[in-house]
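Below: protein02.pdb (PDB, C-alpha atoms and all ligand atoms)
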```pdb
MODEL        1
ATOM      1  CA  MET A   1       0.000   0.000   0.000
ATOM      2  CA  THR A   2       1.695   3.185  -1.109
ATOM      3  CA  MET A   3      -1.113   5.284  -2.507
ATOM      4  CA  VAL A   4      -4.284   6.455  -0.884
ATOM      5  CA  LYS A   5      -7.344   5.828  -2.970
ATOM      6  CA  ARG A   6      -9.600   8.621  -1.909
ATOM      7  CA  GLU A   7      -8.371  12.166  -2.334
ATOM      8  CA  GLU A   8     -10.443  13.423   0.619
ATOM      9  CA  GLU A   9      -8.280  11.340   2.937
ATOM     10  CA  MET A  10      -5.590  13.932   3.543
ATOM     11  CA  LEU A  11      -3.844  12.175   6.399
ATOM     12  CA  VAL A  12      -3.758   8.413   6.841
ATOM     13  CA  VAL A  13      -2.061   6.771   9.810
ATOM     14  CA  SER A  14      -1.654   3.024   9.556
ATOM     15  CA  ASP A  15      -0.722   0.668  12.410
ATOM     16  CA  LEU A  16       1.593   3.024  14.278
ATOM     17  CA  HIS A  17       3.727   1.546  17.071
ATOM     18  CA  VAL A  18       6.060   3.429  19.430
ATOM     19  CA  SER A  19       7.850   2.049  22.498
ATOM     20  CA  PHE A  20      10.268   3.651  24.904
ATOM     21  CA  GLY A  21      12.377   0.847  26.311
ATOM     22  CA  GLU A  22      10.000  -1.853  27.506
ATOM     23  CA  ARG A  23       7.024   0.492  27.565
ATOM     24  CA  LYS A  24       4.627   0.390  24.623
ATOM     25  CA  VAL A  25       3.232   3.920  24.346
ATOM     26  CA  LEU A  26       1.432   3.440  21.009
ATOM     27  CA  ASP A  27       0.321  -0.083  20.190
ATOM     28  CA  GLY A  28      -1.136  -0.094  16.679
ATOM     29  CA  ILE A  29      -2.863   3.207  15.989
ATOM     30  CA  SER A  30      -4.772   3.686  12.709
ATOM     31  CA  PHE A  31      -7.038   6.513  11.580
ATOM     32  CA  GLU A  32      -7.620   8.872   8.702
ATOM     33  CA  ILE A  33      -8.468  12.561   8.578
ATOM     34  CA  ARG A  34     -10.308  14.012   5.637
ATOM     35  CA  LYS A  35     -10.220  17.342   3.955
ATOM     36  CA  ASN A  36     -12.339  19.984   5.740
ATOM     37  CA  GLU A  37     -12.067  18.173   9.058
ATOM     38  CA  ILE A  38     -10.852  19.087  12.541
ATOM     39  CA  CYS A  39     -10.123  16.038  14.690
ATOM     40  CA  GLY A  40      -9.248  16.040  18.359
ATOM     41  CA  LEU A  41      -6.876  13.574  19.988
ATOM     42  CA  LEU A  42      -7.943  13.126  23.591
ATOM     43  CA  GLY A  43      -6.485  11.194  26.482
ATOM     44  CA  PRO A  44      -5.092  11.688  29.981
ATOM     45  CA  ASN A  45      -1.538  12.896  30.709
ATOM     46  CA  GLY A  46       0.978  10.410  29.396
ATOM     47  CA  SER A  47      -1.462   8.586  27.103
ATOM     48  CA  GLY A  48       0.773   9.229  24.094
ATOM     49  CA  LYS A  49      -0.806  12.238  22.391
ATOM     50  CA  SER A  50       2.466  14.113  21.865
ATOM     51  CA  THR A  51       4.255  10.883  20.924
ATOM     52  CA  LEU A  52       1.586  10.273  18.280
ATOM     53  CA  LEU A  53       1.812  13.791  16.856
ATOM     54  CA  GLY A  54       5.619  13.571  16.720
ATOM     55  CA  ALA A  55       5.527  10.227  14.912
ATOM     56  CA  VAL A  56       2.902  11.459  12.462
ATOM     57  CA  ALA A  57       4.946  14.592  11.720
ATOM     58  CA  GLY A  58       8.075  12.531  11.126
ATOM     59  CA  VAL A  59       9.994  14.279  13.908
ATOM     60  CA  GLY A  60       9.428  11.784  16.730
ATOM     61  CA  LYS A  61      10.125   8.100  17.304
ATOM     62  CA  LYS A  62       8.271   5.569  15.132
ATOM     63  CA  ASP A  63       8.991   1.837  15.438
ATOM     64  CA  LYS A  64       6.419   0.514  13.003
ATOM     65  CA  GLY A  65       3.607   1.766  10.796
ATOM     66  CA  GLU A  66       3.216   4.256   8.009
ATOM     67  CA  VAL A  67       1.839   7.737   7.591
ATOM     68  CA  PHE A  68       0.443   9.047   4.308
ATOM     69  CA  ALA A  69       0.147  12.789   3.816
ATOM     70  CA  GLU A  70      -1.856  13.752   0.743
ATOM     71  CA  GLY A  71      -1.220  10.240  -0.581
ATOM     72  CA  LEU A  72       2.539  10.315  -0.032
ATOM     73  CA  ALA A  73       4.191   7.722   2.245
ATOM     74  CA  LEU A  74       6.264   9.783   4.671
ATOM     75  CA  SER A  75       8.903   7.098   5.261
ATOM     76  CA  ALA A  76       9.868   7.421   1.593
ATOM     77  CA  THR A  77       9.819  11.216   1.621
ATOM     78  CA  SER A  78      12.490  13.789   2.450
ATOM     79  CA  ARG A  79      12.097  15.881   5.598
ATOM     80  CA  ARG A  80      11.598  18.963   3.452
ATOM     81  CA  ALA A  81       8.891  17.385   1.286
ATOM     82  CA  VAL A  82       7.106  16.298   4.478
ATOM     83  CA  ALA A  83       7.298  19.862   5.791
ATOM     84  CA  ARG A  84       5.646  21.141   2.633
ATOM     85  CA  ARG A  85       2.616  19.013   3.516
ATOM     86  CA  VAL A  86       2.545  18.847   7.308
ATOM     87  CA  ALA A  87       3.062  21.688   9.814
ATOM     88  CA  VAL A  88       3.366  21.108  13.552
ATOM     89  CA  VAL A  89       2.812  23.319  16.574
ATOM     90  CA  PRO A  90       4.697  21.670  19.460
ATOM     91  CA  GLN A  91       3.240  21.296  22.945
ATOM     92  CA  GLN A  92       5.513  23.762  24.642
ATOM     93  CA  THR A  93       7.489  26.344  22.847
ATOM     94  CA  VAL A  94      10.478  27.595  24.786
ATOM     95  CA  PHE A  95      12.712  29.513  22.423
ATOM     96  CA  THR A  96      16.390  29.352  23.372
ATOM     97  CA  MET A  97      18.019  31.056  20.371
ATOM     98  CA  PRO A  98      17.696  34.843  20.264
ATOM     99  CA  PHE A  99      16.113  35.150  16.813
ATOM    100  CA  THR A 100      13.545  37.854  16.182
ATOM    101  CA  VAL A 101       9.866  37.018  15.918
ATOM    102  CA  LEU A 102       9.858  37.679  12.157
ATOM    103  CA  GLU A 103      12.972  35.510  11.599
ATOM    104  CA  THR A 104      11.366  32.685  13.564
ATOM    105  CA  VAL A 105       8.124  32.796  11.584
ATOM    106  CA  LEU A 106      10.133  32.975   8.334
ATOM    107  CA  MET A 107      11.616  29.567   9.268
ATOM    108  CA  GLY A 108       8.161  28.262   8.324
ATOM    109  CA  ARG A 109       8.982  29.322   4.751
ATOM    110  CA  PHE A 110      12.224  27.275   4.493
ATOM    111  CA  PRO A 111      10.560  24.045   3.252
ATOM    112  CA  ALA A 112       8.931  25.983   0.395
ATOM    113  CA  VAL A 113      11.993  28.059  -0.480
ATOM    114  CA  GLY A 114      14.500  25.210  -0.574
ATOM    115  CA  ARG A 115      18.091  24.861   0.537
ATOM    116  CA  PHE A 116      19.604  27.333  -1.856
ATOM    117  CA  GLY A 117      16.522  29.470  -2.244
ATOM    118  CA  LYS A 118      16.279  33.014  -1.016
ATOM    119  CA  ILE A 119      13.580  34.413   1.201
ATOM    120  CA  SER A 120      11.544  36.705  -1.057
ATOM    121  CA  ALA A 121       9.338  39.709  -0.401
ATOM    122  CA  ASP A 122       6.393  37.291  -0.810
ATOM    123  CA  ASP A 123       7.744  35.089   1.990
ATOM    124  CA  ILE A 124       8.072  38.098   4.280
ATOM    125  CA  GLU A 125       4.536  39.102   3.348
ATOM    126  CA  THR A 126       3.305  35.567   4.200
ATOM    127  CA  ALA A 127       5.119  35.647   7.565
ATOM    128  CA  ARG A 128       3.697  39.092   8.410
ATOM    129  CA  ARG A 129       0.199  37.925   7.482
ATOM    130  CA  ALA A 130       0.599  34.911   9.809
ATOM    131  CA  LEU A 131       1.773  37.195  12.629
ATOM    132  CA  LYS A 132      -1.244  39.408  12.119
ATOM    133  CA  MET A 133      -3.522  36.345  12.288
ATOM    134  CA  VAL A 134      -2.240  35.533  15.796
ATOM    135  CA  ASP A 135      -2.451  39.152  16.929
ATOM    136  CA  LEU A 136       1.322  39.736  16.948
ATOM    137  CA  GLU A 137       1.426  42.675  14.609
ATOM    138  CA  GLY A 138       4.292  44.978  15.583
ATOM    139  CA  PHE A 139       6.278  42.117  17.180
ATOM    140  CA  ASP A 140       8.560  41.607  14.125
ATOM    141  CA  ASP A 141      11.792  42.763  15.793
ATOM    142  CA  ARG A 142      11.165  41.451  19.299
ATOM    143  CA  LEU A 143      13.450  38.593  20.419
ATOM    144  CA  VAL A 144      11.621  35.282  20.860
ATOM    145  CA  THR A 145      13.648  34.655  24.019
ATOM    146  CA  GLU A 146      11.966  37.665  25.618
ATOM    147  CA  LEU A 147       8.308  36.725  25.057
ATOM    148  CA  SER A 148       5.644  35.478  27.459
ATOM    149  CA  GLY A 149       4.461  31.856  27.254
ATOM    150  CA  GLY A 150       1.301  32.838  25.410
ATOM    151  CA  GLU A 151       3.180  35.067  22.963
ATOM    152  CA  SER A 152       5.691  32.253  22.283
ATOM    153  CA  GLN A 153       2.816  29.860  21.620
ATOM    154  CA  ARG A 154       1.327  32.319  19.128
ATOM    155  CA  VAL A 155       4.718  32.673  17.368
ATOM    156  CA  ALA A 156       4.834  28.869  17.001
ATOM    157  CA  ILE A 157       1.298  28.916  15.563
ATOM    158  CA  ALA A 158       2.239  31.727  13.153
ATOM    159  CA  ARG A 159       5.319  29.768  12.017
ATOM    160  CA  ALA A 160       3.108  26.742  11.258
ATOM    161  CA  LEU A 161       0.550  28.919   9.428
ATOM    162  CA  ALA A 162       3.364  30.499   7.363
ATOM    163  CA  GLN A 163       4.277  26.989   6.172
ATOM    164  CA  GLU A 164       0.979  27.020   4.237
ATOM    165  CA  THR A 165       0.441  23.253   4.446
ATOM    166  CA  ASN A 166      -2.840  21.431   3.949
ATOM    167  CA  ILE A 167      -2.247  19.339   7.072
ATOM    168  CA  LEU A 168      -1.857  20.921  10.497
ATOM    169  CA  LEU A 169      -0.941  19.123  13.727
ATOM    170  CA  LEU A 170      -1.270  21.103  16.941
ATOM    171  CA  ASP A 171      -0.291  19.928  20.419
ATOM    172  CA  GLU A 172      -2.407  21.659  23.080
ATOM    173  CA  PRO A 173      -2.312  24.873  20.995
ATOM    174  CA  ALA A 174      -4.274  27.033  23.424
ATOM    175  CA  SER A 175      -2.717  25.811  26.686
ATOM    176  CA  ALA A 176      -0.983  29.151  27.390
ATOM    177  CA  LEU A 177      -3.539  31.431  25.739
ATOM    178  CA  ASP A 178      -6.058  33.766  27.379
ATOM    179  CA  PRO A 179      -9.716  33.260  26.358
ATOM    180  CA  ARG A 180      -9.690  35.914  23.630
ATOM    181  CA  HIS A 181      -6.576  34.525  21.938
ATOM    182  CA  ALA A 182      -7.734  30.927  22.399
ATOM    183  CA  LEU A 183     -11.034  31.723  20.663
ATOM    184  CA  SER A 184      -9.179  33.528  17.922
ATOM    185  CA  VAL A 185      -6.816  30.575  17.294
ATOM    186  CA  TYR A 186      -9.705  28.087  17.125
ATOM    187  CA  GLY A 187     -11.439  30.531  14.781
ATOM    188  CA  LEU A 188      -8.351  30.454  12.541
ATOM    189  CA  LEU A 189      -8.435  26.662  12.512
ATOM    190  CA  ARG A 190     -12.103  26.764  11.452
ATOM    191  CA  GLU A 191     -11.073  29.071   8.610
ATOM    192  CA  LYS A 192      -8.314  26.620   7.564
ATOM    193  CA  ARG A 193     -10.872  23.810   7.692
ATOM    194  CA  ARG A 194     -13.199  25.760   5.416
ATOM    195  CA  GLU A 195     -10.311  26.227   2.971
ATOM    196  CA  GLY A 196      -9.822  22.441   2.818
ATOM    197  CA  SER A 197      -7.248  21.660   5.496
ATOM    198  CA  ALA A 198      -7.097  18.492   7.594
ATOM    199  CA  ILE A 199      -6.360  19.341  11.220
ATOM    200  CA  LEU A 200      -5.421  17.192  14.229
ATOM    201  CA  ILE A 201      -5.347  18.777  17.685
ATOM    202  CA  ALA A 202      -4.008  16.971  20.758
ATOM    203  CA  LEU A 203      -6.009  18.017  23.814
ATOM    204  CA  HIS A 204      -6.545  16.917  27.383
ATOM    205  CA  ASP A 205      -9.502  19.281  27.803
ATOM    206  CA  ILE A 206     -12.705  17.516  26.767
ATOM    207  CA  ASN A 207     -14.654  20.778  26.494
ATOM    208  CA  SER A 208     -12.306  22.255  23.876
ATOM    209  CA  ALA A 209     -12.722  19.027  21.918
ATOM    210  CA  LEU A 210     -16.529  19.112  22.281
ATOM    211  CA  GLN A 211     -16.613  22.716  21.119
ATOM    212  CA  TRP A 212     -14.196  22.691  18.182
ATOM    213  CA  CYS A 213     -13.728  19.199  16.781
ATOM    214  CA  ASP A 214     -15.737  17.312  14.159
ATOM    215  CA  ARG A 215     -14.553  13.959  15.487
ATOM    216  CA  ILE A 216     -12.695  13.022  18.658
ATOM    217  CA  PHE A 217     -10.120  10.200  18.851
ATOM    218  CA  PHE A 218      -9.907   8.767  22.382
ATOM    219  CA  LEU A 219      -6.562   7.236  23.359
ATOM    220  CA  LYS A 220      -6.221   4.629  26.080
ATOM    221  CA  ASN A 221      -3.447   2.128  26.864
ATOM    222  CA  GLY A 222      -1.719   2.812  23.572
ATOM    223  CA  ARG A 223      -4.791   2.158  21.464
ATOM    224  CA  LEU A 224      -7.575   4.141  19.856
ATOM    225  CA  PHE A 225     -10.284   3.281  22.371
ATOM    226  CA  ASP A 226     -13.065   5.001  20.433
ATOM    227  CA  VAL A 227     -13.791   7.639  17.772
ATOM    228  CA  ARG A 228     -16.878   9.781  18.267
ATOM    229  CA  LYS A 229     -18.554  12.951  17.144
ATOM    230  CA  PRO A 230     -19.001  15.464  19.996
ATOM    231  CA  GLU A 231     -22.759  14.797  20.217
ATOM    232  CA  GLN A 232     -22.027  11.072  20.685
ATOM    233  CA  VAL A 233     -19.743  11.552  23.691
ATOM    234  CA  ASP A 234     -21.293  10.246  26.919
ATOM    235  CA  THR A 235     -20.330   9.981  30.594
ATOM    236  CA  LEU A 236     -19.585   6.260  30.290
ATOM    237  CA  LEU A 237     -16.912   6.864  27.666
ATOM    238  CA  LEU A 238     -15.359   9.794  29.575
ATOM    239  CA  ALA A 239     -15.213   7.727  32.774
ATOM    240  CA  ALA A 240     -13.451   4.925  30.905
ATOM    241  CA  ILE A 241     -10.899   7.327  29.444
ATOM    242  CA  PHE A 242     -10.176   9.573  32.432
ATOM    243  CA  ASP A 243     -10.984   7.327  35.440
ATOM    244  CA  VAL A 244     -13.266   9.888  37.091
ATOM    245  CA  SER A 245     -17.049  10.397  37.060
ATOM    246  CA  TRP A 246     -18.626  12.982  34.769
ATOM    247  CA  THR A 247     -21.749  15.037  34.278
ATOM    248  CA  ILE A 248     -22.608  16.326  30.816
ATOM    249  CA  TYR A 249     -24.866  19.372  30.482
ATOM    250  CA  PRO A 250     -26.510  20.392  27.212
ATOM    251  CA  LEU A 251     -26.002  24.027  26.190
ATOM    252  CA  PRO A 252     -29.036  26.133  25.207
ATOM    253  CA  ASP A 253     -27.606  26.896  21.747
ATOM    254  CA  GLY A 254     -26.504  23.338  20.967
ATOM    255  CA  GLY A 255     -23.425  21.410  22.028
ATOM    256  CA  SER A 256     -22.635  20.424  25.592
ATOM    257  CA  VAL A 257     -20.127  20.812  28.403
ATOM    258  CA  ALA A 258     -18.679  18.075  30.601
ATOM    259  CA  PHE A 259     -17.546  18.397  34.223
ATOM    260  CA  PRO A 260     -15.574  15.872  36.267
ATOM    261  CA  ARG A 261     -17.257  15.092  39.608
ATOM    262  CA  ALA A 262     -15.544  14.650  42.941
TER     263      ALA A 262
HETATM  264  P1  LIG B 301       0.776  12.977  26.398
HETATM  265  O1  LIG B 301       1.175  13.959  25.352
HETATM  266  O2  LIG B 301      -0.476  12.223  26.056
HETATM  267  O3  LIG B 301       0.654  13.599  27.758
HETATM  268  P2  LIG B 301       3.333  11.781  25.779
HETATM  269  O4  LIG B 301       3.148  11.337  24.373
HETATM  270  O5  LIG B 301       4.116  13.023  25.997
HETATM  271  O6  LIG B 301       1.911  11.870  26.501
HETATM  272  O7  LIG B 301       4.030  10.628  26.586
HETATM  273  C1  LIG B 301       3.531   9.307  26.562
HETATM  274  C2  LIG B 301       4.395   8.416  27.456
HETATM  275  O8  LIG B 301       5.642   8.202  26.820
HETATM  276  C3  LIG B 301       4.695   9.036  28.809
HETATM  277  O9  LIG B 301       4.630   8.031  29.778
HETATM  278  C4  LIG B 301       6.098   9.557  28.661
HETATM  279  O10 LIG B 301       6.762   9.531  29.900
HETATM  280  C5  LIG B 301       6.704   8.600  27.666
HETATM  281  N1  LIG B 301       7.739   9.251  26.846
HETATM  282  C6  LIG B 301       7.532  10.257  25.955
HETATM  283  N2  LIG B 301       8.683  10.606  25.335
HETATM  284  C7  LIG B 301       9.644   9.799  25.858
HETATM  285  C8  LIG B 301      11.050   9.658  25.639
HETATM  286  N3  LIG B 301      11.707  10.412  24.744
HETATM  287  N4  LIG B 301      11.706   8.715  26.353
HETATM  288  C9  LIG B 301      11.055   7.926  27.243
HETATM  289  N5  LIG B 301       9.750   8.003  27.499
HETATM  290  C10 LIG B 301       9.035   8.924  26.818
HETATM  291 MG    MG B 302       1.490  15.955  25.402
ENDMDL
END
```
Starting from the file, lay out its structure as structure tokens.
Amino acid sequence: MTMVKREEEMLVVSDLHVSFGERKVLDGISFEIRKNEICGLLGPNGSGKSTLLGAVAGVGKKDKGEVFAEGLALSATSRRAVARRVAVVPQQTVFTMPFTVLETVLMGRFPAVGRFGKISADDIETARRALKMVDLEGFDDRLVTELSGGESQRVAIARALAQETNILLLDEPASALDPRHALSVYGLLREKRREGSAILIALHDINSALQWCDRIFFLKNGRLFDVRKPEQVDTLLLAAIFDVSWTIYPLPDGGSVAFPRA
């Protein structure tokens, strides 16, 4: 199997296995994400969400399995060709090199520009547009080592947006963001979905998943325990995943919220 049959299947993950030493963290994970779809990856701390995103993006450990991005098998693809298709926002962005904000976001253009290519005025325009999208206009010359956690997270999101890929992987993208910026980032992802992107967001917060995702992948003991649409999520499933009791309340304008119970 090297080609994906259906074009709508933007991202296909097939039988992914990852172990660290004796510990199996991912034990045969398979799923696909279509065009115009936002999927959430949910599970408790340590369930393997970040490991999965890293393996899918080709930057983390992968012992077995294959990932297809827009029909292309990633194991047979150069790092740069992968980066033209898949952009990643890591879980925690702590910048250690004193680049400016604009320089950092421009790094998202490297896969498109190529090794001997030159950053063009268009690339700078793309980077500035991405910065504006995350409300960091005017931050161009600030050093990334001197930003707050939330500002750093928005720089990482802007860098991924500047990559202009059709597949986006985000690891807890709103964890450091205030409500206004969190809403704005999820709004951006909706916009990318409308434009045809396939998006996977790792989350530990069930309510973000209920609010923003089309389908939710539930991870447990290294396996995909269940895949559900938000309206199909019930207290039984949440208890099985998180080992606490839950109450789910319907919202007056549709959707629902879930609370863990003591
Ligand atoms: P999550 O993102 O769901 O909180 P992670 O994917 O970060 O979980 O981690 C899954 C498990 O794998 C954890 O138990 C973690 O300690 C372990 N793990 C992750 N990366 C490594 C590594 N590089 N070496 C050893 N163990 C790791
Ligand atoms: Mg994680």
Spatial neighbours of Asn207 of chain A, 7 Å, all atoms listed in the file, chain gap at least 2 places, as a PyMOL selection string: chain A and resi 205+209-211+257-258
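For the structure shown here, the set of residues caught by the PyMOL selection byres (((not hetatm)) within 7 of (chain B and resi 302)) is Asn45, Gly46, Gly48, Lys49, Ser50, Gln91 and Asp171 of chain A.
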Under the PyMOL selection byres (((not hetatm)) within 9 of (chain B and resi 301)), which residues of this model are included? Write them out as an NGL selection string. :A and (18-21 or 23-26 or 41-54 or 60-61 or 91 or 171-172 or 202-204 or 219 or 222)
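Residues matched by the PyMOL selection byres (((chain A and resi 142) around 6) and not hetatm) in this structure: Thr100, Val101, Phe139, Asp140, Asp141 and Leu143 of chain A.
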Residues of the last selection are to be written out with C-alpha atoms, as an mmCIF file, keeping the file's coordinate frame.
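Once written, part_0.cif looks like this:
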```
data_model
loop_
_atom_site.group_PDB
_atom_site.id
_atom_site.type_symbol
_atom_site.label_atom_id
_atom_site.label_comp_id
_atom_site.auth_asym_id
_atom_site.auth_seq_id
_atom_site.Cartn_x
_atom_site.Cartn_y
_atom_site.Cartn_z
ATOM 1 C CA THR A 100 13.545 37.854 16.182
ATOM 2 C CA VAL A 101 9.866 37.018 15.918
ATOM 3 C CA PHE A 139 6.278 42.117 17.180
ATOM 4 C CA ASP A 140 8.560 41.607 14.125
ATOM 5 C CA ASP A 141 11.792 42.763 15.793
ATOM 6 C CA LEU A 143 13.450 38.593 20.419
#
```
Fewer than 4 positions away in the same chain doesn't count, so skip those; otherwise give me all residues within 12 Å of Glu191 of chain A, counting only C-alpha atoms, as a ChimeraX atom specification. /A:36-38,133,161,184-187,195-199,212
Writing out the chosen residues with C-alpha atoms as a compact mmCIF listing (two decimals), in the coordinates of the input:
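Contents of again_32.txt, freshly written:
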```
# COMPACT_ATOMS: atom_id res chain seq x y z
CA ASN A 36 -12.34 19.98 5.74
CA GLU A 37 -12.07 18.17 9.06
CA ILE A 38 -10.85 19.09 12.54
CA MET A 133 -3.52 36.34 12.29
CA LEU A 161 0.55 28.92 9.43
CA SER A 184 -9.18 33.53 17.92
CA VAL A 185 -6.82 30.58 17.29
CA TYR A 186 -9.70 28.09 17.12
CA GLY A 187 -11.44 30.53 14.78
CA GLU A 195 -10.31 26.23 2.97
CA GLY A 196 -9.82 22.44 2.82
CA SER A 197 -7.25 21.66 5.50
CA ALA A 198 -7.10 18.49 7.59
CA ILE A 199 -6.36 19.34 11.22
CA TRP A 212 -14.20 22.69 18.18
```
Which residues are close to segment 77-87 of chain A, i.e. within 10 Å by only C-alpha atoms, leaving aside same-chain residues fewer than 5 positions away? Reply as a PyMOL selection string. chain A and resi 10-11+56-59+68-70+72+108-115+157+159-170+198-199
Find the distance between atom CA of Ser14 of chain A and atom CA of Phe31 of chain A and write it in Å to one decimal.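 Separation between atom CA of Ser14 of chain A and atom CA of Phe31 of chain A: 6.7 Å.
In terms of minimum interatomic distance to Lys132 of chain A, A:Leu188 ranks closest within A:Val144, A:Leu188, A:Leu183, A:Val12, counting only C-alpha atoms.
For the pair atom CA of Gly255 of chain A and atom CA of Thr235 of chain A, the separation is 14.6 Å.
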Need to verify the contact set: Asp214 of chain A, 12 Å, only C-alpha atoms, exclusion of same-chain residues closer than 6 positions in sequence. Can you return it as an MDAnalysis selection string? chainID A and resid 33:41 189:190 193 198:201 208 227:233 255
Mind listing as JSON, numbers by chain all residues within 12 Å of (-20.5, 11.6, 35.6), counting only C-alpha atoms? {"A": [233, 234, 235, 236, 237, 238, 239, 240, 242, 243, 244, 245, 246, 247, 248, 249, 257, 258, 259, 260, 261, 262]}
